[in-house]
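**Q** So that we are looking at the same thing, I have put the structure below in structure tokens.
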Amino acid sequence: MHRRVPELAGLELVDAVARTGSMSAAGREFLITQQAVSTKIRAIERQLGIELFVRSPQGARLTSDGESVVAWAREVLAAAERMGAAIDLLHAAPERTLAVGGSQTIAARLLPGWMLRLRQRQIEAAQHPTAVRLLTGNSTEIARFVREGVLDLGFIETPQVPADLGSARVAADRLVVVVPPAHPWGGSISLAELAATPLVVRESGSGTRSAYELAVVDRLGAPPAEAALELDTTVAVLSAVAGGVAPAVLSELAVADDVKLGRVRRVEVVGEEIVRPLTALWRGGPDALHGASRLLVEIAAHAG
């Protein structure tokens with residue numbers, strides 16, 4: 001974690017002071033004294049290097065910087081809550097475990113929400129929630145795990161859908177270009193210029209890489225330039241981009257936080273967008289999908 005980002009407990013305390021407008025009210029919520037709250041908030045302000053609140057006898061009012069920090073903190077806290085609930089699902093009753101796999105973007109950005117909705121739908125139907133065991137890999141690996149029976153259900157993000165597995169398109173995802181903040185590219189570039197540029201890319205088998213390379217070949221008639229650097233995770237690719245190694249083409253979902261925080265900058269590609277399908281996979285034909293697997297696919301398609 002970045003050295004300036006407070007721990008979750010600190011973010012919760014900042015949020016409480018912002019919501020209540022008072023150090024003492026936040027203290028009552030956390031069962032600690034007003035002085036303890038004030039001490040913790042000042043420590044967080046020193047860590048951030050900015051003032052979050054203007055103190056007065058009437059309470060604590062957010063500064064303009066504080067308003068931004070609280071908005072970001074609430075996003076982090078909401079994500080942590082979703083993650084905690086999803087982890088709870090993984091520890092549910094083992095006798096009804098559904099093995100689900102997702103390629104990296106889907107597993108990180110979409111599957112936790114789909115899993116929570118599965119639990120809600122089953123509870124609404126007076127059913128015992130199905131435990132879910134989640135496995136992450138690239139699209140090629142997920143397809144192989146489904147084929148081998150390691151997974152009951154897989155979600156991939158490549159246009160190349162295995163013909164020997166049951167499948168259903170559940171959503172779509174747009175690929176976007178990200179560059180270091182000081183990169184010389186302006187607001188937009190041509191696909192030809194992008195294709196001629198060595199990029200930071202994911203490993204072979206990645207749906208992101210496959211979708212980009214197929215789109216370049218389809219539209220320009222030739223493959224893109226050789227990669228500047230190949231890495232195994234989207235997080236690593238984003239770190240390399242932010243560090244100035246080279247641009248990258250990644251999922252719009254995956255880059256949203258880094259763009260918002262200013263670690264990387266988006267550049268538009270002139271012309272038709274590169275959109276890839278998000279696809280559910282299972283063994284057998286359409287009739288082989290049933291129970292919790294079928295419901296999860298329906299939830300994913302509805303969300304998409």
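Convention: chains lettered A, B, ... in structure tokens order; per-chain residue numbering from 1; ligands numbered from 1 as shown.
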Sorted by chain and rising residue number, which residues of region 148-201 of chain A lie within 10 Å of region 116-137 of chain A, and what are their closest atom pairs and distances in Å to one decimal, counting only C-alpha atoms, as CSV?
**A**
residue,atom,partner,partner_atom,distance
A:Val150,CA,A:Leu135,CA,9.5
A:Leu151,CA,A:Leu135,CA,8.2
A:Asp152,CA,A:Arg133,CA,9.9
A:Leu153,CA,A:Leu134,CA,9.9
A:Gly154,CA,A:Leu135,CA,9.0
A:Phe155,CA,A:Thr136,CA,9.7
A:Ile156,CA,A:Gly137,CA,9.3
**Q** Keeping N, CA and C atoms, export the residues of the selection given above as a PDB file, in the first residue's frame.
**A**
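Saved file part05.pdb follows:
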ATOM      1  N   VAL A 150     -11.598 -28.689 -12.954  1.00  0.00           N
ATOM      2  CA  VAL A 150     -11.161 -27.969 -11.752  1.00  0.00           C
ATOM      3  C   VAL A 150     -12.199 -26.919 -11.367  1.00  0.00           C
ATOM      4  N   LEU A 151     -12.830 -26.326 -12.376  1.00  0.00           N
ATOM      5  CA  LEU A 151     -13.850 -25.302 -12.172  1.00  0.00           C
ATOM      6  C   LEU A 151     -15.192 -25.782 -12.694  1.00  0.00           C
ATOM      7  N   ASP A 152     -16.266 -25.392 -11.983  1.00  0.00           N
ATOM      8  CA  ASP A 152     -17.624 -25.623 -12.487  1.00  0.00           C
ATOM      9  C   ASP A 152     -18.000 -24.566 -13.517  1.00  0.00           C
ATOM     10  N   LEU A 153     -17.460 -23.385 -13.334  1.00  0.00           N
ATOM     11  CA  LEU A 153     -17.846 -22.243 -14.160  1.00  0.00           C
ATOM     12  C   LEU A 153     -16.663 -21.298 -14.271  1.00  0.00           C
ATOM     13  N   GLY A 154     -16.431 -20.768 -15.460  1.00  0.00           N
ATOM     14  CA  GLY A 154     -15.344 -19.818 -15.651  1.00  0.00           C
ATOM     15  C   GLY A 154     -15.819 -18.602 -16.416  1.00  0.00           C
ATOM     16  N   PHE A 155     -15.144 -17.480 -16.208  1.00  0.00           N
ATOM     17  CA  PHE A 155     -15.454 -16.244 -16.930  1.00  0.00           C
ATOM     18  C   PHE A 155     -14.166 -15.735 -17.559  1.00  0.00           C
ATOM     19  N   ILE A 156     -14.200 -15.528 -18.872  1.00  0.00           N
ATOM     20  CA  ILE A 156     -13.002 -15.102 -19.590  1.00  0.00           C
ATOM     21  C   ILE A 156     -13.277 -13.803 -20.340  1.00  0.00           C
TER      22      ILE A 156
END
**Q** Can you list every residue in region 133-257 of chain A that DSSP puts in alpha helix (DSSP H), as a PyMOL selection string?
**A** chain A and resi 139-147+191-195+207-220+234-242+252-257
**Q** From a DSSP calculation on the backbone, collect every residue of region 13-248 of chain A in strand (DSSP E or B) and output the set as an NGL selection string.
**A** :A and (53-56 or 59-62 or 97-103 or 131-137 or 153-156 or 166-179 or 188-189 or 200-202 or 229-231 or 248)
**Q** How close does each residue of region 256-300 of chain A get to region 63-74 of chain A, giving the shortest atom pair and distance in Å to one decimal for every residue with an atom at most 10 Å away, counting only C-alpha atoms, sorted by chain and residue number, as a tab-separated table?
**A**
residue	atom	partner	partner_atom	distance
A:Asp257	CA	A:Trp72	CA	9.7
A:Lys260	CA	A:Trp72	CA	9.5
A:Leu261	CA	A:Trp72	CA	9.1
**Q** Compile the contact shell of region 4-21 of chain A as an MDAnalysis selection string: residues with an atom at most 10 Å away, counting only C-alpha atoms, same-chain residues fewer than 4 positions apart removed.
**A** chainID A and resid 25:27 29:30 37:38 40:41 43:49 52:53 55 58:62 66:67 69:74 76:77 80
**Q** Using only C-alpha atoms, which of A:Phe145, A:Thr105, A:Asp258, A:Leu220 sits nearest Arg202 (chain A)?
**A** A:Thr105
**Q** Which value, in Å to one decimal, gives the distance between CA of Glu230 (chain A) and CA of Leu194 (chain A)?
**A** 16.7 Å
**Q** Excluding Val241 (chain A) and any residue of its chain fewer than 3 positions from it, enumerate the residues within 10 Å of it, using only C-alpha atoms, and give them as a PyMOL selection string.
**A** chain A and resi 178-181+183+199-200+235-238+244-248+263-265
**Q** Just write the chosen residues, all heavy atoms, as a short mmCIF file (atom, residue, chain, number, x, y, z; two decimals), in the first residue's frame.
**A**
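Writing the result to part-v9.cif gives the following:
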data_model
loop_
_atom_site.label_atom_id
_atom_site.label_comp_id
_atom_site.auth_asym_id
_atom_site.auth_seq_id
_atom_site.Cartn_x
_atom_site.Cartn_y
_atom_site.Cartn_z
N VAL A 178 -3.40 3.66 -21.68
CA VAL A 178 -2.93 4.48 -20.56
C VAL A 178 -1.44 4.75 -20.73
O VAL A 178 -0.69 3.91 -21.23
CB VAL A 178 -3.20 3.80 -19.20
CG1 VAL A 178 -4.67 3.84 -18.87
CG2 VAL A 178 -2.68 2.37 -19.17
N VAL A 179 -1.04 5.94 -20.34
CA VAL A 179 0.35 6.39 -20.47
C VAL A 179 0.78 7.04 -19.16
O VAL A 179 -0.05 7.42 -18.34
CB VAL A 179 0.52 7.40 -21.63
CG1 VAL A 179 0.13 6.77 -22.96
CG2 VAL A 179 -0.32 8.65 -21.37
N PRO A 180 2.10 7.20 -18.93
CA PRO A 180 2.54 7.97 -17.77
C PRO A 180 2.01 9.40 -17.86
O PRO A 180 1.79 9.91 -18.97
CB PRO A 180 4.07 7.92 -17.88
CG PRO A 180 4.38 6.79 -18.79
CD PRO A 180 3.23 6.68 -19.73
N PRO A 181 1.80 10.07 -16.74
CA PRO A 181 1.24 11.43 -16.78
C PRO A 181 2.00 12.40 -17.68
O PRO A 181 1.38 13.25 -18.33
CB PRO A 181 1.31 11.87 -15.31
CG PRO A 181 1.24 10.59 -14.54
CD PRO A 181 1.99 9.58 -15.36
N HIS A 183 3.71 11.70 -20.42
CA HIS A 183 3.96 11.15 -21.76
C HIS A 183 3.63 12.18 -22.84
O HIS A 183 2.67 12.95 -22.70
CB HIS A 183 3.13 9.88 -21.96
CG HIS A 183 3.56 9.04 -23.11
ND1 HIS A 183 3.13 9.29 -24.41
CD2 HIS A 183 4.37 7.97 -23.20
CE1 HIS A 183 3.67 8.40 -25.22
NE2 HIS A 183 4.43 7.58 -24.52
N LEU A 199 4.72 -1.71 -26.27
CA LEU A 199 3.90 -1.48 -25.08
C LEU A 199 4.32 -2.40 -23.94
O LEU A 199 4.98 -3.40 -24.13
CB LEU A 199 2.42 -1.75 -25.40
CG LEU A 199 1.80 -0.99 -26.57
CD1 LEU A 199 0.35 -1.45 -26.76
CD2 LEU A 199 1.85 0.51 -26.34
N VAL A 200 3.87 -2.04 -22.74
CA VAL A 200 3.90 -2.98 -21.62
C VAL A 200 2.66 -3.86 -21.77
O VAL A 200 1.55 -3.35 -21.89
CB VAL A 200 3.86 -2.26 -20.26
CG1 VAL A 200 3.98 -3.28 -19.12
CG2 VAL A 200 4.97 -1.24 -20.15
N VAL A 235 -1.90 -5.28 -12.32
CA VAL A 235 -1.31 -4.36 -11.34
C VAL A 235 0.13 -4.06 -11.70
O VAL A 235 0.58 -2.90 -11.65
CB VAL A 235 -1.42 -4.94 -9.92
CG1 VAL A 235 -0.62 -4.10 -8.93
CG2 VAL A 235 -2.86 -5.02 -9.48
N ALA A 236 0.88 -5.09 -12.08
CA ALA A 236 2.29 -4.89 -12.46
C ALA A 236 2.40 -4.04 -13.72
O ALA A 236 3.28 -3.19 -13.83
CB ALA A 236 2.97 -6.24 -12.66
N VAL A 237 1.51 -4.27 -14.68
CA VAL A 237 1.52 -3.47 -15.91
C VAL A 237 1.26 -2.00 -15.58
O VAL A 237 1.97 -1.11 -16.06
CB VAL A 237 0.47 -3.99 -16.91
CG1 VAL A 237 0.34 -3.04 -18.10
CG2 VAL A 237 0.84 -5.39 -17.41
N LEU A 238 0.27 -1.74 -14.75
CA LEU A 238 -0.04 -0.35 -14.38
C LEU A 238 1.13 0.30 -13.65
O LEU A 238 1.42 1.49 -13.87
CB LEU A 238 -1.30 -0.32 -13.51
CG LEU A 238 -2.63 -0.38 -14.25
CD1 LEU A 238 -3.77 -0.65 -13.29
CD2 LEU A 238 -2.88 0.91 -15.03
N GLY A 244 6.87 5.00 -16.05
CA GLY A 244 7.44 5.57 -17.26
C GLY A 244 8.04 4.58 -18.23
O GLY A 244 8.74 4.98 -19.16
N VAL A 245 7.79 3.26 -18.05
CA VAL A 245 8.40 2.27 -18.94
C VAL A 245 7.86 2.40 -20.35
O VAL A 245 8.62 2.50 -21.32
CB VAL A 245 8.14 0.84 -18.40
CG1 VAL A 245 8.65 -0.21 -19.40
CG2 VAL A 245 8.82 0.66 -17.05
N ALA A 246 6.53 2.40 -20.51
CA ALA A 246 5.89 2.48 -21.83
C ALA A 246 4.39 2.56 -21.62
O ALA A 246 3.89 2.28 -20.52
CB ALA A 246 6.25 1.26 -22.69
N PRO A 247 3.63 2.90 -22.66
CA PRO A 247 2.16 2.86 -22.56
C PRO A 247 1.67 1.41 -22.46
O PRO A 247 2.43 0.46 -22.62
CB PRO A 247 1.69 3.51 -23.86
CG PRO A 247 2.88 4.27 -24.37
CD PRO A 247 4.07 3.49 -23.93
N ALA A 248 0.37 1.26 -22.22
CA ALA A 248 -0.25 -0.06 -22.19
C ALA A 248 -1.70 0.04 -22.66
O ALA A 248 -2.30 1.12 -22.62
CB ALA A 248 -0.20 -0.66 -20.79
N ARG A 263 -2.18 8.52 -11.35
CA ARG A 263 -0.95 7.73 -11.53
C ARG A 263 -0.67 7.49 -13.01
O ARG A 263 0.48 7.38 -13.43
CB ARG A 263 -1.07 6.39 -10.80
CG ARG A 263 -1.15 6.50 -9.30
CD ARG A 263 -1.20 5.13 -8.64
NE ARG A 263 0.09 4.45 -8.78
CZ ARG A 263 0.23 3.25 -9.30
NH1 ARG A 263 -0.81 2.59 -9.77
NH2 ARG A 263 1.43 2.68 -9.37
N VAL A 264 -1.74 7.36 -13.81
CA VAL A 264 -1.61 7.20 -15.25
C VAL A 264 -2.64 8.10 -15.91
O VAL A 264 -3.57 8.59 -15.26
CB VAL A 264 -1.83 5.73 -15.71
CG1 VAL A 264 -0.77 4.82 -15.11
CG2 VAL A 264 -3.23 5.24 -15.34
N ARG A 265 -2.50 8.27 -17.22
CA ARG A 265 -3.41 9.15 -17.98
C ARG A 265 -3.97 8.37 -19.17
O ARG A 265 -3.26 7.61 -19.82
CB ARG A 265 -2.64 10.39 -18.45
CG ARG A 265 -3.45 11.36 -19.29
CD ARG A 265 -2.68 12.66 -19.50
NE ARG A 265 -1.37 12.46 -20.09
CZ ARG A 265 -1.15 12.38 -21.41
NH1 ARG A 265 -2.16 12.46 -22.26
NH2 ARG A 265 0.08 12.21 -21.86
#
**Q** Excluding Leu214 (chain A) and any residue of its chain fewer than 4 positions from it, enumerate the residues within 8 Å of it, using only C-alpha atoms, and give them as an MDAnalysis selection string.
**A** chainID A and resid 210 218 223
**Q** Just C-alpha atoms for this one: save the residues we selected as a short mmCIF file (atom, residue, chain, number, x, y, z; two decimals), in the first residue's frame.
**A**
data_model
loop_
_atom_site.label_atom_id
_atom_site.label_comp_id
_atom_site.auth_asym_id
_atom_site.auth_seq_id
_atom_site.Cartn_x
_atom_site.Cartn_y
_atom_site.Cartn_z
CA SER A 210 -5.31 -11.27 -27.17
CA ASP A 218 -8.16 -7.28 -38.10
CA PRO A 223 0.41 -7.56 -35.80
#
**Q** Restricting the calculation to only C-alpha atoms: of A:Val177, A:Ala303, A:Val269, A:Ala108, which residue gets closest to Thr233 (chain A)?
**A** A:Ala108
**Q** In Å, with one decimal, what is the gap from CA of Gln104 (chain A) to CA of Thr234 (chain A)?
**A** 7.5 Å
**Q** For Arg283 (chain A), list every protein, DNA or RNA residue within 8 Å, evaluated using only C-alpha atoms, and leave out those in the same chain fewer than 5 positions away; present the list as a list of chain:residue names.
**A**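 Result of the neighbour search: A:Val146, A:Arg147, A:Gly149, A:Asp152, A:Leu165, A:Gly166, A:Ala288.
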**Q** Could you check how far CA of Leu250 (chain A) sits from CA of Val201 (chain A), in Å to one decimal?
**A**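 Separation of CA of Leu250 (chain A) and CA of Val201 (chain A): 8.5 Å.
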